[in-house]
>>> print(open('model25.cif').read())   # mmCIF, C-alpha atoms and all ligand atoms
data_upload
#
loop_
_atom_site.label_atom_id
_atom_site.label_comp_id
_atom_site.auth_asym_id
_atom_site.auth_seq_id
_atom_site.Cartn_x
_atom_site.Cartn_y
_atom_site.Cartn_z
CA VAL R 1 0.00 0.00 0.00
CA THR R 2 1.54 3.33 -1.05
CA GLY R 3 0.49 6.55 0.72
CA ALA R 4 -0.57 4.33 3.65
CA ALA R 5 -0.30 7.11 6.25
CA GLY R 6 -3.19 9.00 4.64
CA GLN R 7 -6.93 9.04 5.27
CA ILE R 8 -7.68 5.92 3.19
CA GLY R 9 -4.45 4.01 3.86
CA SER R 10 -4.76 4.19 7.63
CA ALA R 11 -8.12 2.42 7.30
CA LEU R 12 -7.31 0.16 4.34
CA VAL R 13 -4.13 -1.35 5.85
CA PRO R 14 -5.88 -2.70 9.01
CA PHE R 15 -8.74 -3.98 6.82
CA LEU R 16 -6.32 -5.83 4.50
CA ARG R 17 -4.28 -7.18 7.42
CA GLU R 18 -7.37 -8.57 9.08
CA ARG R 19 -8.47 -10.20 5.83
CA TYR R 20 -5.19 -11.61 4.50
CA GLY R 21 -2.83 -11.70 7.52
CA ALA R 22 -0.82 -8.84 9.07
CA ASP R 23 2.56 -9.95 7.69
CA ARG R 24 1.24 -10.03 4.12
CA VAL R 25 0.44 -6.29 3.94
CA LEU R 26 3.32 -3.83 3.53
CA ALA R 27 2.43 -0.25 4.57
CA THR R 28 4.55 2.43 2.88
CA ASP R 29 4.56 6.23 2.79
CA LEU R 30 6.83 9.20 2.26
CA ARG R 31 6.06 10.43 5.77
CA ALA R 32 6.05 8.63 9.11
CA LEU R 33 3.35 5.98 9.39
CA PRO R 34 0.90 6.05 12.31
CA GLY R 35 1.86 3.83 15.30
CA PRO R 36 -0.70 1.03 14.78
CA LEU R 37 0.40 0.50 11.17
CA THR R 38 4.05 0.07 12.17
CA ALA R 39 3.27 -2.05 15.25
CA GLU R 40 1.06 -4.56 13.48
CA GLY R 41 2.90 -5.48 10.28
CA PRO R 42 5.66 -4.73 7.77
CA HIS R 43 6.23 -1.13 6.84
CA ARG R 44 8.80 1.07 5.16
CA ARG R 45 9.42 4.64 4.08
CA LEU R 46 8.87 4.85 0.33
CA ASP R 47 8.80 7.76 -2.10
CA CYS R 48 6.77 6.82 -5.20
CA LEU R 49 8.83 9.28 -7.20
CA ASP R 50 11.84 6.98 -6.68
CA PRO R 51 11.38 4.07 -9.13
CA GLU R 52 14.37 2.12 -7.77
CA ALA R 53 13.08 2.22 -4.21
CA LEU R 54 9.64 1.18 -5.50
CA ASP R 55 11.13 -1.75 -7.38
CA GLU R 56 13.15 -2.80 -4.33
CA ALA R 57 10.04 -2.75 -2.11
CA VAL R 58 8.10 -4.86 -4.65
CA SER R 59 10.93 -7.34 -5.19
CA ASP R 60 11.45 -7.73 -1.39
CA HIS R 61 7.78 -8.07 -0.45
CA ARG R 62 6.43 -9.65 -3.69
CA PRO R 63 2.82 -8.39 -3.39
CA GLN R 64 -0.02 -9.74 -5.52
CA VAL R 65 -1.70 -6.31 -5.51
CA ILE R 66 -0.37 -2.76 -5.15
CA TYR R 67 -2.94 -0.38 -3.66
CA HIS R 68 -1.55 2.91 -4.94
CA LEU R 69 -2.88 5.69 -2.68
CA ALA R 70 0.02 8.17 -2.72
CA ALA R 71 -1.24 11.46 -4.20
CA LEU R 72 -1.77 15.15 -3.52
CA LEU R 73 -5.48 15.96 -3.07
CA SER R 74 -7.55 18.71 -4.66
CA ALA R 75 -7.01 21.83 -2.53
CA VAL R 76 -3.35 21.01 -1.75
CA ALA R 77 -2.69 20.26 -5.44
CA GLU R 78 -3.94 23.73 -6.47
CA GLU R 79 -1.26 25.27 -4.22
CA ASP R 80 1.54 23.53 -6.14
CA PRO R 81 0.27 22.26 -9.50
CA SER R 82 3.63 21.15 -10.86
CA ARG R 83 4.50 19.08 -7.77
CA SER R 84 1.03 17.57 -7.74
CA TYR R 85 1.39 16.63 -11.41
CA ARG R 86 4.70 14.89 -10.61
CA VAL R 87 3.37 13.02 -7.56
CA ASN R 88 0.04 12.05 -9.14
CA MET R 89 1.30 11.20 -12.65
CA ASP R 90 4.98 10.18 -12.35
CA GLY R 91 4.18 8.23 -9.18
CA LEU R 92 1.44 6.34 -11.02
CA VAL R 93 3.67 5.64 -14.05
CA HIS R 94 6.37 4.20 -11.75
CA VAL R 95 3.81 1.98 -9.99
CA LEU R 96 2.30 0.74 -13.29
CA GLU R 97 5.77 0.01 -14.66
CA VAL R 98 6.94 -1.95 -11.62
CA ALA R 99 3.64 -3.87 -11.59
CA ARG R 100 4.06 -4.73 -15.26
CA GLU R 101 7.62 -5.94 -14.75
CA ARG R 102 6.94 -7.88 -11.57
CA GLY R 103 3.44 -9.20 -12.40
CA CYS R 104 1.25 -7.55 -9.72
CA ALA R 105 -2.29 -6.23 -10.01
CA VAL R 106 -2.86 -2.52 -9.20
CA PHE R 107 -5.66 -0.59 -7.52
CA VAL R 108 -5.78 3.11 -8.52
CA PRO R 109 -8.31 5.46 -6.92
CA SER R 110 -9.81 8.11 -9.14
CA SER R 111 -12.28 10.70 -7.85
CA ILE R 112 -15.42 12.71 -8.52
CA ALA R 113 -12.79 15.36 -9.34
CA ALA R 114 -12.28 13.59 -12.68
CA PHE R 115 -15.48 15.32 -13.82
CA GLY R 116 -15.78 19.01 -14.59
CA PRO R 117 -18.29 21.81 -15.14
CA THR R 118 -19.34 20.46 -18.54
CA SER R 119 -20.12 16.95 -17.18
CA PRO R 120 -23.79 16.35 -16.29
CA ARG R 121 -23.96 17.09 -12.55
CA ASP R 122 -26.99 14.92 -11.71
CA GLU R 123 -26.90 11.14 -12.23
CA THR R 124 -23.43 11.71 -13.73
CA PRO R 125 -23.01 8.74 -16.08
CA GLN R 126 -20.16 6.23 -15.97
CA GLU R 127 -19.10 7.46 -19.40
CA THR R 128 -19.54 11.14 -20.15
CA ILE R 129 -17.65 14.36 -20.85
CA GLN R 130 -14.65 14.71 -18.50
CA ARG R 131 -12.98 18.11 -18.75
CA PRO R 132 -12.02 18.97 -15.15
CA THR R 133 -10.75 22.46 -14.33
CA THR R 134 -8.43 21.53 -11.43
CA ILE R 135 -4.89 20.11 -11.71
CA TYR R 136 -6.03 17.31 -9.40
CA GLY R 137 -8.87 16.43 -11.80
CA VAL R 138 -6.52 16.60 -14.79
CA THR R 139 -4.23 14.03 -13.14
CA LYS R 140 -7.21 11.85 -12.22
CA VAL R 141 -8.56 11.69 -15.80
CA ALA R 142 -5.06 11.08 -17.16
CA GLY R 143 -4.58 8.37 -14.53
CA GLU R 144 -7.82 6.65 -15.58
CA LEU R 145 -6.74 6.68 -19.23
CA LEU R 146 -3.22 5.52 -18.45
CA SER R 147 -4.59 2.63 -16.38
CA ASP R 148 -6.88 1.63 -19.27
CA TYR R 149 -3.89 1.82 -21.59
CA TYR R 150 -1.72 -0.45 -19.41
CA HIS R 151 -4.54 -2.96 -19.35
CA SER R 152 -5.18 -2.97 -23.12
CA ARG R 153 -1.53 -2.64 -24.16
CA TYR R 154 0.19 -4.91 -21.61
CA GLY R 155 -2.68 -6.92 -20.09
CA LEU R 156 -1.90 -5.42 -16.65
CA ASP R 157 -4.68 -6.14 -14.16
CA VAL R 158 -5.30 -2.54 -13.08
CA ARG R 159 -8.67 -1.57 -11.56
CA GLY R 160 -10.04 1.58 -9.99
CA LEU R 161 -12.91 3.51 -8.44
CA ARG R 162 -14.03 7.11 -8.66
CA PHE R 163 -14.34 7.76 -4.94
CA PRO R 164 -16.63 10.53 -3.72
CA GLY R 165 -15.74 12.57 -0.61
CA LEU R 166 -14.74 10.15 2.15
CA ILE R 167 -15.70 10.50 5.81
CA SER R 168 -13.78 8.71 8.56
CA PRO R 169 -13.07 9.11 12.28
CA GLY R 170 -9.38 8.10 11.96
CA THR R 171 -6.69 10.04 10.11
CA LEU R 172 -7.80 13.49 8.97
CA PRO R 173 -8.15 14.12 5.22
CA GLY R 174 -5.10 15.46 3.44
CA GLY R 175 -6.46 18.74 2.02
CA GLY R 176 -9.44 18.01 -0.17
CA THR R 177 -12.61 19.95 -0.94
CA THR R 178 -14.85 17.58 1.02
CA ASP R 179 -12.80 17.82 4.27
CA TYR R 180 -15.57 19.86 5.90
CA ALA R 181 -17.63 16.70 6.32
CA VAL R 182 -14.95 15.27 8.64
CA GLU R 183 -13.97 18.53 10.40
CA ILE R 184 -17.59 19.19 11.34
CA PHE R 185 -17.66 16.14 13.66
CA HIS R 186 -14.43 17.06 15.45
CA ARG R 187 -15.54 20.67 16.03
CA ALA R 188 -19.10 19.72 16.96
CA LEU R 189 -17.78 17.46 19.71
CA SER R 190 -15.02 19.79 20.95
CA GLU R 191 -16.64 23.23 20.54
CA GLY R 192 -20.31 22.70 19.71
CA ARG R 193 -19.95 24.78 16.56
CA TYR R 194 -18.33 24.71 13.14
CA THR R 195 -17.61 27.28 10.44
CA CYS R 196 -17.98 25.63 7.03
CA PHE R 197 -15.96 26.69 3.98
CA LEU R 198 -18.67 25.65 1.47
CA ARG R 199 -22.11 27.20 0.89
CA PRO R 200 -24.95 25.51 2.83
CA ASP R 201 -26.62 24.09 -0.32
CA THR R 202 -23.48 22.59 -1.96
CA GLN R 203 -24.51 18.99 -2.71
CA LEU R 204 -21.81 16.38 -3.34
CA ASP R 205 -21.45 12.59 -3.20
CA PHE R 206 -19.96 11.00 -0.07
CA MET R 207 -19.12 7.61 1.40
CA TYR R 208 -18.21 6.36 4.86
CA MET R 209 -14.71 4.83 5.04
CA PRO R 210 -15.73 1.26 5.93
CA ASP R 211 -17.71 1.17 2.67
CA ALA R 212 -14.79 2.72 0.74
CA VAL R 213 -12.15 0.20 1.83
CA ARG R 214 -14.60 -2.67 1.31
CA ALA R 215 -15.37 -1.34 -2.20
CA ALA R 216 -11.67 -1.27 -3.11
CA VAL R 217 -11.08 -4.82 -1.88
CA GLU R 218 -14.29 -6.20 -3.42
CA LEU R 219 -13.33 -4.70 -6.77
CA MET R 220 -9.85 -6.27 -6.59
CA GLU R 221 -11.37 -9.65 -5.65
CA ALA R 222 -14.06 -9.50 -8.37
CA ASP R 223 -14.00 -11.80 -11.39
CA GLY R 224 -11.96 -9.78 -13.92
CA THR R 225 -13.81 -11.28 -16.88
CA LYS R 226 -17.04 -9.56 -15.73
CA LEU R 227 -15.49 -6.08 -15.60
CA ALA R 228 -16.29 -4.04 -18.69
CA TYR R 229 -14.96 -0.76 -17.29
CA ARG R 230 -12.23 -2.05 -14.91
CA ASN R 231 -10.91 1.43 -14.18
CA ALA R 232 -12.71 4.27 -12.61
CA TYR R 233 -16.11 2.89 -11.63
CA ASN R 234 -18.47 5.55 -10.29
CA VAL R 235 -19.33 4.63 -6.68
CA THR R 236 -21.40 6.60 -4.18
CA ALA R 237 -23.27 6.03 -0.93
CA MET R 238 -24.99 9.30 -0.02
CA GLN R 239 -25.50 12.87 -1.20
CA ILE R 240 -24.77 15.51 1.42
CA THR R 241 -25.04 19.29 1.71
CA PRO R 242 -23.36 21.17 4.60
CA GLU R 243 -26.83 22.23 5.77
CA GLY R 244 -28.16 18.65 5.75
CA LEU R 245 -25.07 17.27 7.50
CA GLY R 246 -25.35 20.04 10.13
CA GLU R 247 -28.94 18.95 10.84
CA ALA R 248 -27.91 15.28 11.11
CA VAL R 249 -25.13 16.21 13.56
CA ARG R 250 -27.58 18.35 15.59
CA ARG R 251 -29.80 15.29 16.13
CA HIS R 252 -26.89 13.79 18.13
CA ILE R 253 -25.38 16.98 19.58
CA PRO R 254 -28.26 19.32 20.49
CA GLY R 255 -27.40 23.01 20.26
CA PHE R 256 -24.71 22.41 17.60
CA ARG R 257 -24.24 25.64 15.62
CA MET R 258 -23.16 25.90 12.00
CA ASP R 259 -21.71 29.11 10.48
CA TYR R 260 -20.38 29.72 6.99
CA ASP R 261 -17.26 31.49 5.74
CA VAL R 262 -17.02 30.45 2.09
CA ASP R 263 -13.55 29.75 0.68
CA PRO R 264 -13.79 30.82 -3.00
CA LEU R 265 -11.19 28.26 -4.19
CA ARG R 266 -12.85 25.24 -2.62
CA GLN R 267 -16.35 26.49 -3.50
CA ARG R 268 -15.28 26.84 -7.13
CA ILE R 269 -13.88 23.31 -7.08
CA ALA R 270 -17.05 21.89 -5.47
CA ASP R 271 -19.26 23.71 -7.99
CA SER R 272 -17.41 21.94 -10.82
CA TRP R 273 -18.07 18.43 -9.42
CA PRO R 274 -21.09 16.11 -9.74
CA ARG R 275 -24.02 16.45 -7.33
CA ARG R 276 -24.92 12.78 -7.70
CA LEU R 277 -23.09 9.98 -9.50
CA ASP R 278 -24.81 7.16 -11.36
CA ASP R 279 -23.05 4.07 -9.94
CA SER R 280 -25.18 1.46 -11.74
CA ALA R 281 -22.19 -0.01 -13.65
CA ALA R 282 -20.41 -0.86 -10.36
CA ARG R 283 -23.62 -2.36 -8.97
CA ALA R 284 -24.20 -4.47 -12.09
CA GLU R 285 -20.64 -5.61 -12.80
CA TRP R 286 -19.25 -6.49 -9.36
CA GLY R 287 -22.17 -6.12 -6.96
CA TRP R 288 -21.29 -2.77 -5.36
CA GLU R 289 -23.65 -1.82 -2.54
CA PRO R 290 -23.06 0.71 0.26
CA PHE R 291 -24.00 -0.15 3.88
CA TYR R 292 -23.89 3.33 5.42
CA ASP R 293 -26.33 6.16 4.65
CA LEU R 294 -26.25 9.66 6.19
CA GLU R 295 -27.99 8.61 9.42
CA ALA R 296 -25.90 5.46 10.01
CA MET R 297 -22.65 7.26 9.17
CA THR R 298 -23.44 10.23 11.46
CA ALA R 299 -24.36 7.99 14.39
CA HIS R 300 -21.20 5.94 13.92
CA MET R 301 -18.92 8.99 13.55
CA VAL R 302 -20.28 10.61 16.73
CA GLU R 303 -19.89 7.36 18.65
CA ALA R 304 -16.40 6.64 17.28
CA LEU R 305 -15.08 10.15 18.01
CA SER R 306 -16.67 10.17 21.48
CA GLU R 307 -14.74 7.00 22.41
CA THR R 308 -11.25 8.36 22.94
CA ALA R 309 -9.92 4.80 23.29
CA LEU R 310 -10.85 3.92 19.69
CA PRO R 311 -7.61 2.99 17.91
CA GLU R 312 -6.91 4.87 14.72
CA GLY R 313 -8.38 3.26 11.63
CA ARG R 314 -10.71 0.94 13.55
CA TYR R 315 -14.44 1.16 12.97
CA GLY R 316 -16.03 -2.00 14.25
CA HIS R 317 -18.30 -3.67 11.74
CA ALA R 318 -20.64 -2.29 9.14
CA PRO R 319 -24.36 -2.64 9.95
P1 LIG R 401 -4.14 11.62 1.89
O1 LIG R 401 -3.67 12.96 1.45
O2 LIG R 401 -4.78 11.49 3.21
O3 LIG R 401 -2.92 10.58 1.84
C1 LIG R 401 -2.04 10.52 0.75
C2 LIG R 401 -0.71 10.01 1.28
O4 LIG R 401 0.22 10.00 0.19
C3 LIG R 401 -0.10 10.87 2.38
O5 LIG R 401 0.11 10.10 3.55
C4 LIG R 401 1.23 11.36 1.79
O6 LIG R 401 2.29 11.41 2.74
C5 LIG R 401 1.49 10.30 0.75
N1 LIG R 401 2.38 10.77 -0.31
C6 LIG R 401 2.40 11.97 -0.93
N2 LIG R 401 3.40 12.00 -1.83
C7 LIG R 401 4.02 10.80 -1.78
C8 LIG R 401 5.10 10.23 -2.48
N3 LIG R 401 5.80 10.93 -3.38
N4 LIG R 401 5.47 8.96 -2.18
C9 LIG R 401 4.79 8.25 -1.24
N5 LIG R 401 3.74 8.74 -0.55
C10 LIG R 401 3.37 10.01 -0.81
O7 LIG R 401 -5.06 11.04 0.73
P2 LIG R 401 -6.23 9.94 0.84
O8 LIG R 401 -7.47 10.63 1.19
O9 LIG R 401 -5.79 8.79 1.64
O10 LIG R 401 -6.34 9.55 -0.72
C11 LIG R 401 -5.70 8.43 -1.28
C12 LIG R 401 -6.08 8.32 -2.74
O11 LIG R 401 -7.52 8.30 -2.86
C13 LIG R 401 -5.62 9.50 -3.61
O12 LIG R 401 -5.31 9.03 -4.90
C14 LIG R 401 -6.84 10.38 -3.67
O13 LIG R 401 -6.82 11.16 -4.83
C15 LIG R 401 -7.95 9.36 -3.71
N6 LIG R 401 -9.25 9.90 -3.26
C16 LIG R 401 -9.44 10.31 -1.96
C17 LIG R 401 -10.67 10.84 -1.58
C18 LIG R 401 -10.94 11.31 -0.16
O14 LIG R 401 -12.00 11.89 0.10
N7 LIG R 401 -10.05 11.05 0.79
C19 LIG R 401 -11.69 10.95 -2.53
C20 LIG R 401 -11.46 10.55 -3.84
C21 LIG R 401 -10.23 10.01 -4.19
#
>>> encode(input="model25.cif", output="structure tokens", more="lines below")
Ligand code: NAD
Amino acid sequence: VTGAAGQIGSALVPFLRERYGADRVLATDLRALPGPLTAEGPHRRLDCLDPEALDEAVSDHRPQVIYHLAALLSAVAEEDPSRSYRVNMDGLVHVLEVARERGCAVFVPSSIAAFGPTSPRDETPQETIQRPTTIYGVTKVAGELLSDYYHSRYGLDVRGLRFPGLISPGTLPGGGTTDYAVEIFHRALSEGRYTCFLRPDTQLDFMYMPDAVRAAVELMEADGTKLAYRNAYNVTAMQITPEGLGEAVRRHIPGFRMDYDVDPLRQRIADSWPRRLDDSAARAEWGWEPFYDLEAMTAHMVEALSETALPEGRYGHAP
């Protein structure tokens, strides 16, 4: 797992270790990994921009699948477009190359950011116009196409999902446009109020992390002959607005107060993304189905963050 110290990796690694055995899952990242990931299984520092180090890690550990999560997310990427292009594109090329040479499968997450203002924003189809206006989105579309190319040209088993905004009680998000939906829980519990950087009516797709890691693993375990799209399946679990999430939080934390101080950059990014994805291809081809809706996710987030003893990345079981 590359980028394992991030929001998804810190949940995916424990999930994979529980499923396949702790010693069979190598957690890697450029930065220091969280304690539980280093205590429970193999780990190493790894920069995806260093192809030799990547090859060494793969030849030492000999994985069947590389879950490639290392990337710079939307808002952070806008601050340094050329670095984000290098991390998101060169890093992916190095991973695809090492997988091709050493015979591993690859999981590559795309995003709702792969769509843009000219894509249909409601029931956004699996296949439609994709002309994103962010550098992050540009790298995500290019990554989808490159993954398709490696499959058709070299027969590499590369698969991927277009994740929506992800909500989790563990590691905080790394600087995306949907981070408000995680921050709100922390502030609601610590201060009873939250100032949101998006407009109250900004509707976007979201998913709770236990569904997201399960989706990634179910896709990688699916029968490859049934996958028509392989890369970049639309997947979603719920549609949320800041206003609606604020009301859901208030049902658990009475008196919770929501204010707004709109950040023009992140609002512009959010306004260019789908309001609701059509994920029927994922449902039909490999049986995708979310367990958590807004109510179940909110209840679980409040409970998880109220239990200070909850180890990072642990969620209990989906309902
Ligand atoms: P994150 O920012 O929390 O974590 C990314 C990790 O990558 C970080 O720990 C960072 O240290 C690491 N990294 C950065 N540059 C690296 C490099 N050169 N070499 C090795 N590691 C490096 O991101 P995340 O939320 O865990 O996202 C993982 C993947 O999922 C990304 O491709 C992201 O675009 C995608 N995704 C995330 C979301 C979301 O809401 N979190 C939504 C859609 C798609």
>>> residues_near_ligand(input="model25.cif", ligand="ligand LIG 401 (chain R)", cutoff="7 Å", atoms="only C-alpha atoms and all ligand atoms", output="ChimeraX atom specification")
/R:2-9,29-31,46-49,69-73,87,91,108-112,162-167,172-176,178
>>> closest_atom_pairs(input="model25.cif", of="stretch 163-207 of chain R", to="stretch 122-126 of chain R", cutoff="12 Å", atoms="all atoms listed in the file", output="Markdown table")
| residue | atom | partner | partner_atom | distance |
| --- | --- | --- | --- | --- |
| R:Gln203 | CA | R:Asp122 | CA | 10.2 |
| R:Leu204 | CA | R:Asp122 | CA | 10.0 |
| R:Asp205 | CA | R:Asp122 | CA | 10.4 |
>>> residues_around(input="model25.cif", residues="stretch 34-41 of chain R", least_positions_apart="3", cutoff="10 Å", atoms="all atoms listed in the file", output="list in words")
Ala4, Ala5, Gly6, Gly9, Ser10, Ala11, Val13, Pro14, Arg17, Gly21, Ala22, Asp23, Arg24, Val25, Leu26, Ala27, Thr28, Arg31, Arg44, Thr171, Pro311, Glu312 and Gly313 of chain R
>>> closest_residue(input="model25.cif", among="R:Val249, R:Ala282, R:Leu161, R:Asp259", to="R:Leu227", atoms="all atoms listed in the file")
R:Ala282
>>> closest_residue(input="model25.cif", among="R:Tyr67, R:Phe291, R:Trp286, R:Tyr194", to="R:Arg250", atoms="all atoms listed in the file")
R:Tyr194
>>> atom_distance(input="model25.cif", atom1="atom CA of R:Ser152", atom2="atom CA of R:Arg102")
17.4 Å
>>> closest_residue(input="model25.cif", among="R:Pro210, R:Glu144, R:Thr236, R:Asp90", to="R:Leu16", atoms="all atoms listed in the file")
R:Pro210
>>> closest_residue(input="model25.cif", among="R:Leu12, R:Ala270, R:Ala99, R:Ile184", to="R:Gly116", atoms="only C-alpha atoms")
R:Ala270
>>> residues_around(input="model25.cif", residues="R:Asp293", least_positions_apart="5", cutoff="9 Å", atoms="only C-alpha atoms", output="list in words")
Met207, Tyr208, Ala237, Met238, Gln239 and Thr298 of chain R
>>> write_last_selection(input="model25.cif", atoms="C-alpha atoms", output="PDB file, keeping the file's coordinate frame")
ATOM      1  CA  MET R 207     -19.120   7.610   1.400  1.00  0.00           C
ATOM      2  CA  TYR R 208     -18.210   6.360   4.860  1.00  0.00           C
ATOM      3  CA  ALA R 237     -23.270   6.030  -0.930  1.00  0.00           C
ATOM      4  CA  MET R 238     -24.990   9.300  -0.020  1.00  0.00           C
ATOM      5  CA  GLN R 239     -25.500  12.870  -1.200  1.00  0.00           C
ATOM      6  CA  THR R 298     -23.440  10.230  11.460  1.00  0.00           C
TER       7      THR R 298
END
>>> residues_near_point(input="model25.cif", point="(-25.8, 16.5, -8.8)", cutoff="6 Å", atoms="only C-alpha atoms", output="list in words")
Arg121, Asp122, Pro274, Arg275 and Arg276 of chain R
